[in-house]
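Engineer: Data file structure_29.tsv (TSV, C-alpha atoms) is appended below.
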```tsv
chain	number	residue	atom	x	y	z
A	1	ASP	CA	5.93	-2.42	-25.89
A	2	VAL	CA	7.14	-0.46	-22.91
A	3	ASP	CA	10.85	-0.38	-22.37
A	4	PRO	CA	11.78	-2.11	-19.08
A	5	LEU	CA	14.17	0.77	-18.56
A	6	ALA	CA	11.15	3.05	-17.98
A	7	VAL	CA	10.02	0.89	-15.07
A	8	LEU	CA	13.56	0.68	-13.72
A	9	LEU	CA	14.03	4.45	-13.90
A	10	GLY	CA	10.60	5.08	-12.35
A	11	ALA	CA	11.35	2.65	-9.52
A	12	LEU	CA	14.79	4.19	-8.97
A	13	HIS	CA	13.21	7.65	-8.87
A	14	LEU	CA	10.67	6.44	-6.30
A	15	VAL	CA	13.28	4.81	-4.07
A	16	VAL	CA	15.60	7.82	-4.18
A	17	CYS	CA	12.74	10.22	-3.41
A	18	LEU	CA	11.72	8.05	-0.46
A	19	LEU	CA	15.26	7.64	0.87
A	20	VAL	CA	16.05	11.36	0.80
A	21	ALA	CA	12.69	12.12	2.45
A	22	ARG	CA	11.52	14.16	-0.54
A	23	SER	CA	8.36	12.04	-0.78
A	24	THR	CA	7.59	11.56	2.92
A	25	SER	CA	3.92	12.00	3.75
A	26	MET	CA	2.93	14.45	6.46
A	27	ASP	CA	0.28	11.92	7.48
A	28	TYR	CA	3.10	9.50	8.29
A	29	LEU	CA	4.57	12.04	10.69
A	30	PHE	CA	1.25	13.18	12.20
A	31	PHE	CA	-0.67	9.96	12.66
A	32	TRP	CA	0.37	6.75	10.84
A	33	GLY	CA	3.81	6.70	12.44
A	34	VAL	CA	2.55	7.96	15.80
A	35	LYS	CA	-0.03	5.18	15.91
A	36	ALA	CA	2.66	2.66	14.95
A	37	VAL	CA	4.91	3.72	17.81
A	38	HIS	CA	2.04	3.54	20.31
A	39	PHE	CA	0.84	0.20	18.92
A	40	ALA	CA	4.37	-1.20	19.21
A	41	ASP	CA	4.65	0.07	22.77
A	42	ALA	CA	1.27	-1.43	23.66
A	43	ARG	CA	2.10	-4.66	21.77
A	44	GLY	CA	-1.29	-4.29	20.09
A	45	ILE	CA	-3.85	-1.68	19.12
A	46	ASP	CA	-3.60	1.14	21.67
A	47	VAL	CA	-7.28	1.69	22.38
A	48	GLU	CA	-6.59	4.38	24.97
A	49	LEU	CA	-4.70	6.45	22.39
A	50	LEU	CA	-7.56	6.12	19.93
A	51	ARG	CA	-10.10	7.18	22.58
A	52	TRP	CA	-8.03	10.14	23.78
A	53	PRO	CA	-9.87	13.34	22.74
A	54	PHE	CA	-6.60	15.16	22.01
A	55	PHE	CA	-5.72	12.57	19.34
A	56	ALA	CA	-8.64	13.49	17.08
A	57	HIS	CA	-6.14	14.75	14.47
A	58	GLY	CA	-4.74	11.20	14.35
A	59	ALA	CA	-7.81	9.84	12.53
A	60	PRO	CA	-8.61	7.25	15.23
A	61	GLU	CA	-11.45	5.85	13.10
A	62	TYR	CA	-9.11	4.83	10.28
A	63	PRO	CA	-8.54	1.10	9.72
A	64	PRO	CA	-5.54	-0.32	11.61
A	65	LEU	CA	-3.55	-2.34	9.03
A	66	VAL	CA	-0.90	0.26	8.14
A	67	PRO	CA	0.07	1.24	11.70
A	68	ILE	CA	0.04	-2.44	12.72
A	69	VAL	CA	2.47	-3.34	9.91
A	70	GLN	CA	4.61	-0.33	10.81
A	71	ALA	CA	4.48	-1.34	14.50
A	72	TRP	CA	5.93	-4.73	13.55
A	73	GLY	CA	8.76	-2.81	11.88
A	74	VAL	CA	9.27	-0.81	15.07
A	75	LEU	CA	9.40	-4.00	17.14
A	76	PHE	CA	11.85	-5.59	14.68
A	77	ALA	CA	14.11	-2.52	14.41
A	78	GLY	CA	13.87	-1.56	18.08
A	79	GLU	CA	12.98	2.02	17.13
A	80	MET	CA	10.81	3.99	14.74
A	81	PRO	CA	12.76	4.57	11.51
A	82	TRP	CA	11.25	8.02	10.96
A	83	ARG	CA	13.72	9.42	8.50
A	84	ARG	CA	14.55	6.81	5.89
A	85	ALA	CA	13.40	3.22	6.35
A	86	GLY	CA	9.84	4.05	7.44
A	87	PRO	CA	8.93	6.13	4.39
A	88	ALA	CA	11.05	3.94	2.09
A	89	SER	CA	9.09	0.86	3.13
A	90	SER	CA	6.26	2.17	0.94
A	91	ALA	CA	8.32	1.05	-2.05
A	92	LEU	CA	7.97	-2.56	-0.88
A	93	TRP	CA	4.26	-2.46	-1.70
A	94	PHE	CA	5.09	-1.18	-5.19
A	95	PHE	CA	7.70	-3.88	-5.78
A	96	ALA	CA	5.36	-6.58	-4.43
A	97	ALA	CA	2.64	-5.48	-6.86
A	98	LEU	CA	4.75	-5.62	-10.05
A	99	PRO	CA	5.08	-9.43	-10.35
A	100	LEU	CA	1.44	-9.93	-9.36
A	101	VAL	CA	0.23	-7.44	-11.97
A	102	LEU	CA	2.35	-9.15	-14.61
A	103	ALA	CA	1.22	-12.66	-13.64
A	104	LEU	CA	-2.46	-11.76	-13.49
A	105	LEU	CA	-2.37	-9.92	-16.82
A	106	ARG	CA	-0.53	-12.81	-18.49
A	107	ARG	CA	-3.48	-15.08	-17.70
A	108	ARG	CA	-5.75	-12.97	-19.87
A	109	ILE	CA	-3.75	-11.05	-22.50
A	110	GLY	CA	-0.52	-12.98	-23.00
A	111	ASP	CA	3.14	-12.31	-22.33
A	112	SER	CA	4.02	-9.32	-24.52
A	113	PRO	CA	0.89	-7.23	-23.87
A	114	ALA	CA	1.06	-8.06	-20.16
A	115	ALA	CA	4.67	-6.90	-20.02
A	116	ALA	CA	3.76	-3.66	-21.81
A	117	VAL	CA	0.80	-2.90	-19.53
A	118	THR	CA	2.80	-3.81	-16.41
A	119	GLY	CA	5.68	-1.63	-17.59
A	120	PHE	CA	3.46	1.36	-18.21
A	121	TRP	CA	1.57	0.84	-14.94
A	122	GLY	CA	4.81	0.43	-13.00
A	123	ALA	CA	6.47	3.54	-14.45
A	124	ALA	CA	3.36	5.67	-13.98
A	125	LEU	CA	2.71	4.44	-10.44
A	126	ALA	CA	6.33	4.90	-9.34
A	127	VAL	CA	6.34	8.52	-10.48
A	128	SER	CA	2.89	9.11	-9.01
A	129	LEU	CA	3.84	7.69	-5.60
A	130	ALA	CA	7.00	9.79	-5.52
A	131	HIS	CA	5.24	13.04	-6.43
A	132	SER	CA	2.17	12.55	-4.25
A	133	TYR	CA	4.21	12.37	-1.03
A	134	SER	CA	3.18	8.80	-0.29
A	135	GLY	CA	6.18	7.77	1.79
A	136	GLY	CA	5.00	6.11	4.98
A	137	ASN	CA	1.29	6.57	4.46
A	138	ALA	CA	-1.39	4.15	3.31
A	139	GLU	CA	-1.48	5.00	-0.40
A	140	ALA	CA	0.99	2.33	-1.54
A	141	PRO	CA	-0.66	-0.55	0.35
A	142	LEU	CA	-4.11	0.64	-0.75
A	143	LEU	CA	-3.00	0.71	-4.40
A	144	PHE	CA	-1.44	-2.73	-3.98
A	145	PHE	CA	-4.60	-4.29	-2.59
A	146	GLU	CA	-7.03	-2.59	-4.98
A	147	THR	CA	-4.89	-3.34	-8.05
A	148	VAL	CA	-4.48	-7.01	-7.15
A	149	ALA	CA	-8.18	-7.37	-6.36
A	150	GLY	CA	-9.27	-5.66	-9.55
A	151	LEU	CA	-6.90	-7.65	-11.74
A	152	ALA	CA	-7.79	-10.94	-10.06
A	153	LEU	CA	-11.43	-10.27	-10.89
A	154	ILE	CA	-11.14	-8.88	-14.43
A	155	THR	CA	-8.59	-11.43	-15.63
A	156	GLU	CA	-10.54	-14.46	-14.45
A	157	SER	CA	-12.25	-16.54	-17.10
A	158	ARG	CA	-14.83	-19.29	-16.74
A	159	GLU	CA	-12.24	-21.86	-17.77
A	160	ASP	CA	-9.80	-20.93	-14.99
A	161	ALA	CA	-9.01	-23.70	-12.60
A	162	PRO	CA	-8.32	-22.97	-9.84
A	163	SER	CA	-10.28	-19.75	-9.45
A	164	PHE	CA	-8.48	-16.65	-8.23
A	165	ARG	CA	-11.50	-15.19	-6.45
A	166	TRP	CA	-9.86	-16.05	-3.13
A	167	LEU	CA	-7.03	-13.68	-4.09
A	168	ALA	CA	-9.52	-10.93	-4.87
A	169	ALA	CA	-11.30	-11.53	-1.55
A	170	VAL	CA	-8.07	-11.36	0.46
A	171	ALA	CA	-6.95	-8.23	-1.40
A	172	LEU	CA	-10.31	-6.53	-0.87
A	173	ALA	CA	-10.15	-7.34	2.84
A	174	GLY	CA	-6.64	-5.86	2.92
A	175	ALA	CA	-7.88	-2.71	1.18
A	176	VAL	CA	-10.74	-2.22	3.64
A	177	LEU	CA	-8.33	-2.73	6.55
A	178	THR	CA	-5.96	-0.15	5.04
A	179	LYS	CA	-8.05	2.98	4.43
A	180	VAL	CA	-11.68	4.08	4.60
A	181	GLU	CA	-11.35	5.28	1.01
A	182	ALA	CA	-11.24	1.61	0.00
A	183	VAL	CA	-14.87	1.01	0.91
A	184	PRO	CA	-16.41	2.55	-2.26
A	185	ALA	CA	-13.84	0.86	-4.52
A	186	THR	CA	-14.45	-2.44	-2.77
A	187	ALA	CA	-18.20	-2.05	-3.18
A	188	PHE	CA	-17.81	-1.41	-6.90
A	189	LEU	CA	-15.46	-4.36	-7.35
A	190	VAL	CA	-17.82	-6.66	-5.46
A	191	LEU	CA	-20.74	-5.53	-7.63
```
Kindly present the structure from the file in structure tokens form.

Structural biologist:
Amino acid sequence: DVDPLAVLLGALHLVVCLLVARSTSMDYLFFWGVKAVHFADARGIDVELLRWPFFAHGAPEYPPLVPIVQAWGVLFAGEMPWRRAGPASSALWFFAALPLVLALLRRRIGDSPAAAVTGFWGAALAVSLAHSYSGGNAEAPLLFFETVAGLALITESREDAPSFRWLAAVALAGAVLTKVEAVPATAFLVL
């Protein structure tokens, strides 16, 4: 069994690193956040920005989900929360994944093993997100979507009613709309 304190300490470490900007991604500052501000200003995907030749560094070909979600935050807050709230919002994806991981694992391996695996996964992922400078970029949502999709598929049994394949399909769609790196993982999960 994994001590719940390990998950709590890992999550606390992640949140503190995000709030003090120690784990802020440079990609957030160079293109995810910039796209979000422009998308919020345009009240939609800013096609002109993405076509602009001088925005090539902004990865205009990347899927739009992350800057769209961040643009909603800009519209709600009335400004771009560059320093704290923007990068710290990455922790929301982590916290949203924990109960789903636990619930999906419980379907297949039972309460105690599911809690142990979720605890280990949560502690390891929290530390990994903090030390890989994932604040404000697409890593946390990508991990959320791919983890949920993978678990929905591998924990399903023939006796399950209702099927959770719809959850896997929605999560895979979210992954593909988050980052181009999701395409190979999605292909493998579909196979």

Engineer: Between A:His13, A:Arg165, A:Arg106, A:Arg51, single out the one closest to Gly122 in chain A, counting all atoms listed in the file.

Structural biologist: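 Closest candidate: A:His13.
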
Engineer: Enumerate, as a CSV table (one decimal) with C-alpha atoms, in the coordinates of the input, the protein, DNA and RNA residues whose atoms approach (5.0, 6.2, 9.0) to within 8 Å, taking into account all atoms listed in the file and the coordinate frame of the file.

Structural biologist:
```csv
chain,number,residue,atom,x,y,z
A,25,SER,CA,3.9,12.0,3.8
A,27,ASP,CA,0.3,11.9,7.5
A,28,TYR,CA,3.1,9.5,8.3
A,29,LEU,CA,4.6,12.0,10.7
A,31,PHE,CA,-0.7,10.0,12.7
A,32,TRP,CA,0.4,6.8,10.8
A,33,GLY,CA,3.8,6.7,12.4
A,34,VAL,CA,2.6,8.0,15.8
A,36,ALA,CA,2.7,2.7,15.0
A,67,PRO,CA,0.1,1.2,11.7
A,70,GLN,CA,4.6,-0.3,10.8
A,82,TRP,CA,11.2,8.0,11.0
A,86,GLY,CA,9.8,4.0,7.4
A,87,PRO,CA,8.9,6.1,4.4
A,135,GLY,CA,6.2,7.8,1.8
A,136,GLY,CA,5.0,6.1,5.0
A,137,ASN,CA,1.3,6.6,4.5
```

Engineer: For a test of reading the model, state the distance in Å between CA of Leu142 in chain A and CA of Ala173 in chain A, rounded to one decimal.

Structural biologist: 10.6 Å

Engineer: Calculate how many Å separate CA of Glu146 in chain A from CA of Trp166 in chain A, rounding to one decimal.

Structural biologist: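 Result for CA of Glu146 in chain A versus CA of Trp166 in chain A: 13.9 Å, one decimal.
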
Engineer: Please provide the set of residues having any atom within 8 Å of Ala21 in chain A, restricted to all atoms listed in the file, with same-chain residues fewer than 2 positions apart removed, written as an MDAnalysis selection string.

Structural biologist: chainID A and resid 17:19 23:24 83:84 87 135

Engineer: Pull the closest atom pair for each residue of range 56-98 of chain A that gets at most 10 Å from range 42-50 of chain A, along with the distance in Å to one decimal, counting all atoms listed in the file, ordering rows by chain and then ascending residue number, as a Markdown table.

Structural biologist:
```
| residue | atom | partner | partner_atom | distance |
| --- | --- | --- | --- | --- |
| A:Ala56 | CA | A:Leu50 | CA | 8.0 |
| A:Gly58 | CA | A:Leu50 | CA | 8.1 |
| A:Ala59 | CA | A:Leu50 | CA | 8.3 |
| A:Pro60 | CA | A:Leu50 | CA | 4.9 |
| A:Glu61 | CA | A:Leu50 | CA | 7.9 |
| A:Tyr62 | CA | A:Leu50 | CA | 9.9 |
| A:Pro64 | CA | A:Ile45 | CA | 7.8 |
| A:Pro67 | CA | A:Ile45 | CA | 8.9 |
| A:Ile68 | CA | A:Ile45 | CA | 7.5 |
| A:Ala71 | CA | A:Arg43 | CA | 8.3 |
| A:Trp72 | CA | A:Arg43 | CA | 9.1 |
| A:Leu75 | CA | A:Arg43 | CA | 8.7 |
```

Engineer: For the atom pair CA of Phe120 in chain A and CA of Val190 in chain A, what is the interatomic distance in Å to one decimal place?

Structural biologist: 26.1 Å

Engineer: In terms of the shortest atom-to-atom distance over all atoms listed in the file, which of A:Ser132, A:Ala91, A:Ala168, A:Thr186 is closest to Glu156 in chain A?

Structural biologist: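 Smallest separation from Glu156 in chain A among the options: A:Ala168.
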
Engineer: Check the smallest atom-to-atom distance from each of A:Leu65, A:Leu92, A:Ala182, A:Leu104 to Ser163 in chain A using only C-alpha atoms, then report the winner.

Structural biologist: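 For Ser163 in chain A, the nearest of the given residues is A:Leu104.
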
Engineer: Please provide as JSON, numbers by chain all residues within 12 Å of Val170 in chain A, with the sequence filter that same-chain residues fewer than 6 positions apart are discarded (counting all atoms listed in the file).

Structural biologist: {"A": [144, 145, 146, 148, 149, 150, 152, 153, 164, 176, 177, 186]}

Engineer: Complete range 66-83 of chain A at the level of N, CA, C and O atoms, written as a CSV table (one decimal), in the frame of the given file.

Structural biologist:
```csv
chain,number,residue,atom,x,y,z
A,66,VAL,N,-2.2,-0.4,8.4
A,66,VAL,CA,-0.9,0.3,8.1
A,66,VAL,C,-0.1,0.5,9.4
A,66,VAL,O,1.1,0.1,9.5
A,67,PRO,N,-0.7,1.1,10.5
A,67,PRO,CA,0.1,1.2,11.7
A,67,PRO,C,0.5,-0.1,12.4
A,67,PRO,O,1.5,-0.2,13.0
A,68,ILE,N,-0.3,-1.1,12.2
A,68,ILE,CA,0.0,-2.4,12.7
A,68,ILE,C,1.3,-3.0,12.0
A,68,ILE,O,2.2,-3.4,12.7
A,69,VAL,N,1.3,-2.9,10.7
A,69,VAL,CA,2.5,-3.3,9.9
A,69,VAL,C,3.7,-2.5,10.3
A,69,VAL,O,4.8,-3.0,10.5
A,70,GLN,N,3.5,-1.2,10.4
A,70,GLN,CA,4.6,-0.3,10.8
A,70,GLN,C,5.1,-0.6,12.2
A,70,GLN,O,6.2,-0.6,12.5
A,71,ALA,N,4.1,-1.0,13.1
A,71,ALA,CA,4.5,-1.3,14.5
A,71,ALA,C,5.3,-2.6,14.5
A,71,ALA,O,6.3,-2.7,15.3
A,72,TRP,N,5.1,-3.6,13.6
A,72,TRP,CA,5.9,-4.7,13.6
A,72,TRP,C,7.3,-4.3,13.2
A,72,TRP,O,8.3,-4.9,13.7
A,73,GLY,N,7.4,-3.3,12.3
A,73,GLY,CA,8.8,-2.8,11.9
A,73,GLY,C,9.5,-2.2,13.1
A,73,GLY,O,10.7,-2.3,13.2
A,74,VAL,N,8.7,-1.4,13.9
A,74,VAL,CA,9.3,-0.8,15.1
A,74,VAL,C,9.8,-1.9,16.0
A,74,VAL,O,10.9,-1.8,16.6
A,75,LEU,N,9.0,-2.9,16.2
A,75,LEU,CA,9.4,-4.0,17.1
A,75,LEU,C,10.6,-4.7,16.6
A,75,LEU,O,11.5,-5.1,17.4
A,76,PHE,N,10.7,-4.9,15.3
A,76,PHE,CA,11.8,-5.6,14.7
A,76,PHE,C,13.1,-4.7,14.8
A,76,PHE,O,14.2,-5.2,15.1
A,77,ALA,N,13.0,-3.4,14.4
A,77,ALA,CA,14.1,-2.5,14.4
A,77,ALA,C,14.5,-2.0,15.8
A,77,ALA,O,15.6,-1.6,16.0
A,78,GLY,N,13.6,-2.1,16.7
A,78,GLY,CA,13.9,-1.6,18.1
A,78,GLY,C,13.7,-0.1,18.2
A,78,GLY,O,13.8,0.5,19.3
A,79,GLU,N,13.3,0.6,17.1
A,79,GLU,CA,13.0,2.0,17.1
A,79,GLU,C,12.1,2.4,15.9
A,79,GLU,O,12.0,1.6,15.0
A,80,MET,N,11.6,3.6,15.9
A,80,MET,CA,10.8,4.0,14.7
A,80,MET,C,11.8,4.6,13.7
A,80,MET,O,12.5,5.6,14.0
A,81,PRO,N,11.9,4.0,12.5
A,81,PRO,CA,12.8,4.6,11.5
A,81,PRO,C,12.1,5.8,10.8
A,81,PRO,O,11.8,5.7,9.6
A,82,TRP,N,12.0,6.9,11.5
A,82,TRP,CA,11.2,8.0,11.0
A,82,TRP,C,11.8,8.6,9.7
A,82,TRP,O,11.1,8.9,8.8
A,83,ARG,N,13.1,8.6,9.6
A,83,ARG,CA,13.7,9.4,8.5
A,83,ARG,C,13.8,8.7,7.2
A,83,ARG,O,13.5,9.3,6.1
```
